[in-house]
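Colleague: Following this message is one structure expressed as structure tokens.
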Amino acid sequence: MTTKPKFPAIELKDLKFWYQPGGWQLAIPKLSLSSGQHLFVRGASGSGKTTLLNLLCGITVPNAGEIWLNGMALHQLSASRRDKLRAYEIGVVFQQLNLIPYLSVLDNVLLRAAFARAPAAAMQQRARELLTALGLGDNYWQQKASQLSVGQQQRVAIARALLTQPTLLIADEPTSALDADNRDAFMQVLLSEADKSGTTVIFVSHDSQLQRYFHYQLAMTALEQGVVAC
Amino acid sequence: MLIKLARLSLWNRRGTVLLTLLSLTISLVLLLGIDHIRKEARSSFTNTVSGTDLIVGARSGQLNLLLYSVFRIGNATANVSWATYERISRHPQIAWTIPLSLGDSHRGYRVLGTNQGYFEHFRYASSQQLQFAEGVPFTGVYDAVLGAEVAKRLGYVLGQEIVLAHGIGAVSFSEHKDKPFTVVGILAPTGTPVDQTVHVSLEGIEAIHIDWQQGAPMPGRQVSAEQALEMDLTPKAITAFMVGLNSRMATFVVQRQINEFRGEPLTAILPGVALAELWQMLGMVENMLLLITLLVLVAALVGMMTTLLASMRERQREMAILRAVGASPWYLFWLIQLEVLLLTSVAMLSSAVLLLAALWGVQDYLAANYGLFISLSPFSLQSLYWAGGILAAAALLACVPALVAYRRALTDGLSIRL
């Protein structure tokens, strides 16, 4: 299923970001993940997780250094190009409340297709397949997102994130609102569906128990000193 | 997708949205309604008399003359003698004249003594002649022609006998009971003071006053209705008269000649000019009213903006999700703008419907009670300008919450502050 062998899925080089010059700074000398390699980022709140996510998603740009997404220089693209790229190439799953409550489950998933400019029929088809694979059969599709349980909502969020078979999926503590059983089920479907899509997962959490699902790990505290990762 | 999102998002917040919609609709109905009634009142007002080149009365101010001769408001300070009237009528430039004799009333409605020329030459609105709903113009001394409203309100029909009262009060103690008039004609509605007037011949006015002197019946001298017919009923004086000229070019010349008439002090006015001057005075009030309704609209728009701004807080999640799936900050800006335009458009539509319903409801009432004829078509090309202006104002104010959405999209990124 992987069709992106030429470039690393994501590559950071000498990345530096700060809010005020001389203040706190985030530094990543080198980080490179090829397609299908999943990374676990561990860090307590306030350790710069959100900043890292915003950088990876192209919401903000680094003050110095490079971010390459599947061979494209994210740090050089204009804001609108980055927005378009994100629509197609990057999926995001938040901690909780991932869905727009007044849209149906299916519309929440297809929300992404509207921005990605992908063919509607194919996206419809894939959305249905993904939802079914994630255990949400057709009786859920027209339900309002707000009627679902937290665990179900998080699975809809996975479907949305993977809809366009993106290069990268970024998950920001997606399991913190789930109980242990749901959490394990969530991790399994997330990673297996990501593998099927050939998507690289960057998973941020403070819960070191989840580390066992990943081959690669990164501790946020290490980044401030600029430790080489991977 | 943008439209669907805006629509569903509004529906999701329907409680506050409906209240905003309500306040917008009410202020728009106020604005459109007052604007419409203002225009209708103006046209109804300036349409009261047309085709008349000059109105001539005893020397007085032009507004006073206009008010009593056209609107039947107030009284003349002095009369014009019949001899003077006849002399001026023979002026070579003058095509026709309509004598007007005021001073009596019937149950609060003014009685106008005039002649056949009134039905022939009098014009209102855009040169419309008086039309008879029923009957014919008066021919006999004791014939009367009623305005539409007089007939309708008092329930009079053809052949009915009516008694005129001396003076202009609604209740009069001195009535011309001995000489009743017969209704021979009822005029079609005009939306002008004609509707509130009882028309009789100058001879009729003369006949009922033949045994009166100084505004009271002469003691010991009674003249019966039949006896009066035998006597000379040529009036000694009239209140004012309307003049039609052969050529409009001569208007100012004839006006000056009448104003400088040696026989007695007269004033000739141009009704169009006097009407415009009068409306200018009333226009102040009208403009104030319009200004107030405009401010009400601004208040409603500001209210909408405040509601949206307050909702931006609870919608941070929505915005973050949209950002995550690839929405640009401008997309969020336009989402808010679209919601405002949607809301304003719906408010405009519902206010238009409401206004039509309201006009339809009060049309008869206004016509019956105030002689104000309001058309049921309050929309013109100008309404389109209004609509455009209102939308532009709404869009301008919506920039505030929309820019908040835009800025937050840049600074907050994907973080959701709970």
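All residue names refer to the structure tokens as shown: chains lettered A, B, ... in order, residues numbered from 1 in each chain, ligands numbered from 1 in order.
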At a cut-off of 7 Å, list the chain A residues touching chain B, using only C-alpha atoms, as a VMD selection string.
Modeller: chain A and resid 50 54 59 80 83 to 84 86 to 87 92 98 100 102 112 114 to 115
Colleague: Tell me, as a PDB file with C-alpha atoms, in the first residue's frame, which residues lie within 12 Å of Ser174 of chain B, counting only C-alpha atoms; anything in the same chain fewer than 5 positions away does not count.
Modeller:
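Writing the result to out_10.pdb gives the following:
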```pdb
ATOM      1  CA  ASP B 104     -70.071  76.059   7.042  1.00  0.00           C
ATOM      2  CA  SER B 105     -69.883  72.462   8.047  1.00  0.00           C
ATOM      3  CA  HIS B 106     -71.855  69.265   8.333  1.00  0.00           C
ATOM      4  CA  VAL B 163     -78.721  69.889   7.272  1.00  0.00           C
ATOM      5  CA  LEU B 164     -75.710  72.201   7.177  1.00  0.00           C
ATOM      6  CA  ALA B 165     -74.460  73.929  10.289  1.00  0.00           C
ATOM      7  CA  HIS B 166     -73.058  77.391  10.611  1.00  0.00           C
ATOM      8  CA  GLY B 167     -69.408  77.507  11.560  1.00  0.00           C
ATOM      9  CA  ILE B 168     -66.907  74.699  11.479  1.00  0.00           C
ATOM     10  CA  GLY B 169     -67.282  72.888  14.799  1.00  0.00           C
ATOM     11  CA  ILE B 208     -78.941  79.461   3.627  1.00  0.00           C
ATOM     12  CA  HIS B 209     -77.433  82.759   4.736  1.00  0.00           C
ATOM     13  CA  TRP B 212     -78.661  85.760   8.425  1.00  0.00           C
ATOM     14  CA  GLY B 215     -73.276  85.036  11.721  1.00  0.00           C
ATOM     15  CA  ALA B 216     -76.691  84.771  13.350  1.00  0.00           C
ATOM     16  CA  PRO B 217     -80.283  84.539  12.104  1.00  0.00           C
TER      17      PRO B 217
END
```
Colleague: Would you please work out which residue, of A:Arg82, A:Thr167, A:Gly48, A:Glu173, is nearest to Val61 of chain A when using only C-alpha atoms?
Modeller: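 Nearest candidate to Val61 of chain A out of A:Arg82, A:Thr167, A:Gly48, A:Glu173: A:Arg82.
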Colleague: Quick one: pick out all strand (DSSP E) residues within segment 100-246 of chain B from a backbone DSSP run and write them as a PyMOL selection string.
Modeller: chain B and resi 100-106+109-114+123-124+128-129+132-135+143-146+161-162+165-166+181-187+197-201+212-213+216-217+237-238+240-245
Colleague: In Å, how far is it from atom CA of Val150 of chain A to atom CA of Leu162 of chain A?
Modeller: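 So the answer is 18.6 Å.
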Colleague: If you count only C-alpha atoms, which residues fall within 6 Å of Val41 of chain A, apart from same-chain ones fewer than 6 positions away, as a CSV table (one decimal) with N, CA and C atoms, in the first residue's frame?
Modeller:
```csv
chain,number,residue,atom,x,y,z
A,203,PHE,N,2.7,10.4,17.7
A,203,PHE,CA,1.7,10.2,18.8
A,203,PHE,C,2.3,10.9,20.0
A,204,VAL,N,1.6,11.9,20.5
A,204,VAL,CA,2.1,12.7,21.6
A,204,VAL,C,1.3,12.3,22.9
A,217,GLN,N,10.9,6.5,20.0
A,217,GLN,CA,10.4,7.3,21.0
A,217,GLN,C,11.3,8.6,21.1
A,218,LEU,N,10.6,9.6,21.6
A,218,LEU,CA,11.3,10.9,21.7
A,218,LEU,C,10.7,11.6,23.0
A,219,ALA,N,11.7,12.0,23.9
A,219,ALA,CA,11.2,12.7,25.1
A,219,ALA,C,11.3,14.2,24.9
```
Colleague: Give me the residues within 10 Å of Val156 of chain A as a VMD selection string, counting only C-alpha atoms and dropping any in the same chain fewer than 2 places off.
Modeller: chain A and resid 93 98 to 99 105 to 106 108 to 109 127 130 to 131 134 to 136 141 145 148 150 to 154 158 to 162
Colleague: May I have the residues from that selection written out with N, CA and C atoms, as a PDB file, in the first residue's frame?
Modeller:
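Result file result_21.pdb:
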```
ATOM      1  N   VAL A  93      -5.620  14.181  15.179  1.00  0.00           N
ATOM      2  CA  VAL A  93      -6.606  13.689  16.151  1.00  0.00           C
ATOM      3  C   VAL A  93      -6.317  14.376  17.478  1.00  0.00           C
ATOM      4  N   ASN A  98     -13.265  15.966  19.137  1.00  0.00           N
ATOM      5  CA  ASN A  98     -12.684  16.129  17.808  1.00  0.00           C
ATOM      6  C   ASN A  98     -13.690  16.536  16.754  1.00  0.00           C
ATOM      7  N   LEU A  99     -14.979  16.366  17.069  1.00  0.00           N
ATOM      8  CA  LEU A  99     -15.987  16.474  16.019  1.00  0.00           C
ATOM      9  C   LEU A  99     -16.813  17.748  16.171  1.00  0.00           C
ATOM     10  N   VAL A 105     -22.026  12.109  11.587  1.00  0.00           N
ATOM     11  CA  VAL A 105     -20.765  11.376  11.634  1.00  0.00           C
ATOM     12  C   VAL A 105     -20.092  11.387  10.258  1.00  0.00           C
ATOM     13  N   LEU A 106     -20.879  11.081   9.240  1.00  0.00           N
ATOM     14  CA  LEU A 106     -20.321  11.012   7.892  1.00  0.00           C
ATOM     15  C   LEU A 106     -19.811  12.380   7.431  1.00  0.00           C
ATOM     16  N   ASN A 108     -18.765  14.772   9.292  1.00  0.00           N
ATOM     17  CA  ASN A 108     -17.554  15.095  10.037  1.00  0.00           C
ATOM     18  C   ASN A 108     -16.334  14.498   9.360  1.00  0.00           C
ATOM     19  N   VAL A 109     -16.491  13.268   8.865  1.00  0.00           N
ATOM     20  CA  VAL A 109     -15.370  12.622   8.181  1.00  0.00           C
ATOM     21  C   VAL A 109     -15.109  13.315   6.849  1.00  0.00           C
ATOM     22  N   ALA A 127     -14.760   6.939   3.085  1.00  0.00           N
ATOM     23  CA  ALA A 127     -15.271   7.297   4.406  1.00  0.00           C
ATOM     24  C   ALA A 127     -16.119   6.157   4.969  1.00  0.00           C
ATOM     25  N   LEU A 130     -13.831   3.187   5.872  1.00  0.00           N
ATOM     26  CA  LEU A 130     -13.059   3.447   7.077  1.00  0.00           C
ATOM     27  C   LEU A 130     -13.922   3.335   8.325  1.00  0.00           C
ATOM     28  N   LEU A 131     -15.095   3.947   8.267  1.00  0.00           N
ATOM     29  CA  LEU A 131     -15.983   3.925   9.430  1.00  0.00           C
ATOM     30  C   LEU A 131     -16.377   2.492   9.770  1.00  0.00           C
ATOM     31  N   LEU A 134     -13.626   0.720  11.377  1.00  0.00           N
ATOM     32  CA  LEU A 134     -13.412   1.188  12.741  1.00  0.00           C
ATOM     33  C   LEU A 134     -14.581   0.815  13.659  1.00  0.00           C
ATOM     34  N   GLY A 135     -15.471  -0.026  13.153  1.00  0.00           N
ATOM     35  CA  GLY A 135     -16.557  -0.519  14.004  1.00  0.00           C
ATOM     36  C   GLY A 135     -17.752   0.405  14.077  1.00  0.00           C
ATOM     37  N   LEU A 136     -17.871   1.321  13.125  1.00  0.00           N
ATOM     38  CA  LEU A 136     -19.024   2.221  13.107  1.00  0.00           C
ATOM     39  C   LEU A 136     -19.817   1.939  11.831  1.00  0.00           C
ATOM     40  N   TRP A 141     -23.919   6.467  10.664  1.00  0.00           N
ATOM     41  CA  TRP A 141     -23.413   7.509   9.760  1.00  0.00           C
ATOM     42  C   TRP A 141     -24.194   8.809   9.796  1.00  0.00           C
ATOM     43  N   ALA A 145     -22.859  13.898  15.660  1.00  0.00           N
ATOM     44  CA  ALA A 145     -21.617  13.532  16.329  1.00  0.00           C
ATOM     45  C   ALA A 145     -21.755  13.596  17.844  1.00  0.00           C
ATOM     46  N   LEU A 148     -22.646  10.409  20.013  1.00  0.00           N
ATOM     47  CA  LEU A 148     -21.748   9.264  20.154  1.00  0.00           C
ATOM     48  C   LEU A 148     -21.016   9.295  21.496  1.00  0.00           C
ATOM     49  N   VAL A 150     -17.559   8.880  23.850  1.00  0.00           N
ATOM     50  CA  VAL A 150     -16.234   9.464  23.636  1.00  0.00           C
ATOM     51  C   VAL A 150     -15.364   8.534  22.788  1.00  0.00           C
ATOM     52  N   GLY A 151     -15.417   7.228  23.107  1.00  0.00           N
ATOM     53  CA  GLY A 151     -14.619   6.262  22.365  1.00  0.00           C
ATOM     54  C   GLY A 151     -14.999   6.239  20.889  1.00  0.00           C
ATOM     55  N   GLN A 152     -16.304   6.280  20.623  1.00  0.00           N
ATOM     56  CA  GLN A 152     -16.771   6.296  19.230  1.00  0.00           C
ATOM     57  C   GLN A 152     -16.327   7.567  18.520  1.00  0.00           C
ATOM     58  N   GLN A 153     -16.423   8.694  19.245  1.00  0.00           N
ATOM     59  CA  GLN A 153     -16.015   9.971  18.644  1.00  0.00           C
ATOM     60  C   GLN A 153     -14.546   9.943  18.236  1.00  0.00           C
ATOM     61  N   GLN A 154     -13.703   9.337  19.104  1.00  0.00           N
ATOM     62  CA  GLN A 154     -12.275   9.292  18.791  1.00  0.00           C
ATOM     63  C   GLN A 154     -12.022   8.427  17.553  1.00  0.00           C
ATOM     64  N   ILE A 158     -10.290   9.275  13.881  1.00  0.00           N
ATOM     65  CA  ILE A 158      -9.276   8.524  13.128  1.00  0.00           C
ATOM     66  C   ILE A 158      -9.686   8.424  11.661  1.00  0.00           C
ATOM     67  N   ALA A 159     -10.972   8.102  11.456  1.00  0.00           N
ATOM     68  CA  ALA A 159     -11.464   7.981  10.083  1.00  0.00           C
ATOM     69  C   ALA A 159     -11.239   9.279   9.324  1.00  0.00           C
ATOM     70  N   ARG A 160     -11.529  10.413   9.974  1.00  0.00           N
ATOM     71  CA  ARG A 160     -11.344  11.700   9.312  1.00  0.00           C
ATOM     72  C   ARG A 160      -9.863  11.943   9.004  1.00  0.00           C
ATOM     73  N   ALA A 161      -9.007  11.621  10.000  1.00  0.00           N
ATOM     74  CA  ALA A 161      -7.583  11.885   9.827  1.00  0.00           C
ATOM     75  C   ALA A 161      -6.993  11.052   8.689  1.00  0.00           C
ATOM     76  N   LEU A 162      -7.538   9.841   8.485  1.00  0.00           N
ATOM     77  CA  LEU A 162      -6.952   8.951   7.480  1.00  0.00           C
ATOM     78  C   LEU A 162      -7.663   8.997   6.135  1.00  0.00           C
TER      79      LEU A 162
END
```
Colleague: Measuring atom to atom with only C-alpha atoms, identify which of A:Leu178, A:Ile202, A:Asn139, A:Leu110 is nearest to Leu163 of chain A.
Modeller: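 Of the candidates, the smallest distance to Leu163 of chain A is held by A:Leu110.
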Colleague: What is the atom CA of Leu19 of chain B-atom CA of Met312 of chain B distance in Å, reported with one decimal?
Modeller: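 Going from atom CA of Leu19 of chain B over to atom CA of Met312 of chain B, I get 17.1 Å.
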Colleague: One number please: atom CA of Phe17 of chain A to atom CA of Ala64 of chain A, in Å, one decimal.
Modeller: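 So the two atoms, atom CA of Phe17 of chain A and atom CA of Ala64 of chain A, lie 6.8 Å apart.
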Colleague: Please list as a ChimeraX atom specification every residue within 10 Å of Val29 of chain B, counting only C-alpha atoms and excluding residues in the same chain fewer than 4 positions away.
Modeller: /B:23-25,33-35,293,297,347-348,350-356,358
Colleague: Generate a file of the selected residues that holds C-alpha atoms, formatted as a PDB file, in the first residue's frame.
Modeller:
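See out.pdb below for the written result:
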```pdb
ATOM      1  CA  SER B  23     -34.430  42.239  16.784  1.00  0.00           C
ATOM      2  CA  LEU B  24     -33.068  42.671  13.270  1.00  0.00           C
ATOM      3  CA  THR B  25     -36.457  41.966  11.720  1.00  0.00           C
ATOM      4  CA  GLY B  33     -42.343  50.855   7.090  1.00  0.00           C
ATOM      5  CA  ILE B  34     -41.511  54.382   8.136  1.00  0.00           C
ATOM      6  CA  ASP B  35     -39.671  55.031   4.914  1.00  0.00           C
ATOM      7  CA  THR B 293     -35.205  54.168  12.877  1.00  0.00           C
ATOM      8  CA  LEU B 297     -31.192  49.349  12.939  1.00  0.00           C
ATOM      9  CA  ALA B 347     -34.135  39.144   8.493  1.00  0.00           C
ATOM     10  CA  MET B 348     -34.690  41.288   5.392  1.00  0.00           C
ATOM     11  CA  SER B 350     -39.015  38.174   6.894  1.00  0.00           C
ATOM     12  CA  SER B 351     -39.287  41.902   7.483  1.00  0.00           C
ATOM     13  CA  ALA B 352     -40.497  42.375   3.898  1.00  0.00           C
ATOM     14  CA  VAL B 353     -43.167  39.734   4.415  1.00  0.00           C
ATOM     15  CA  LEU B 354     -44.105  41.205   7.776  1.00  0.00           C
ATOM     16  CA  LEU B 355     -44.294  44.705   6.339  1.00  0.00           C
ATOM     17  CA  LEU B 356     -46.543  43.594   3.491  1.00  0.00           C
ATOM     18  CA  ALA B 358     -48.884  44.883   8.213  1.00  0.00           C
TER      19      ALA B 358
END
```
Colleague: To test your reading of the structure, identify every residue in chain A that backbone DSSP assigns to alpha helix (DSSP H), and report it as number ranges by chain.
Modeller: A: 49-57, 79-89, 105-116, 120-133, 138-141, 150-162, 180-197, 220-224
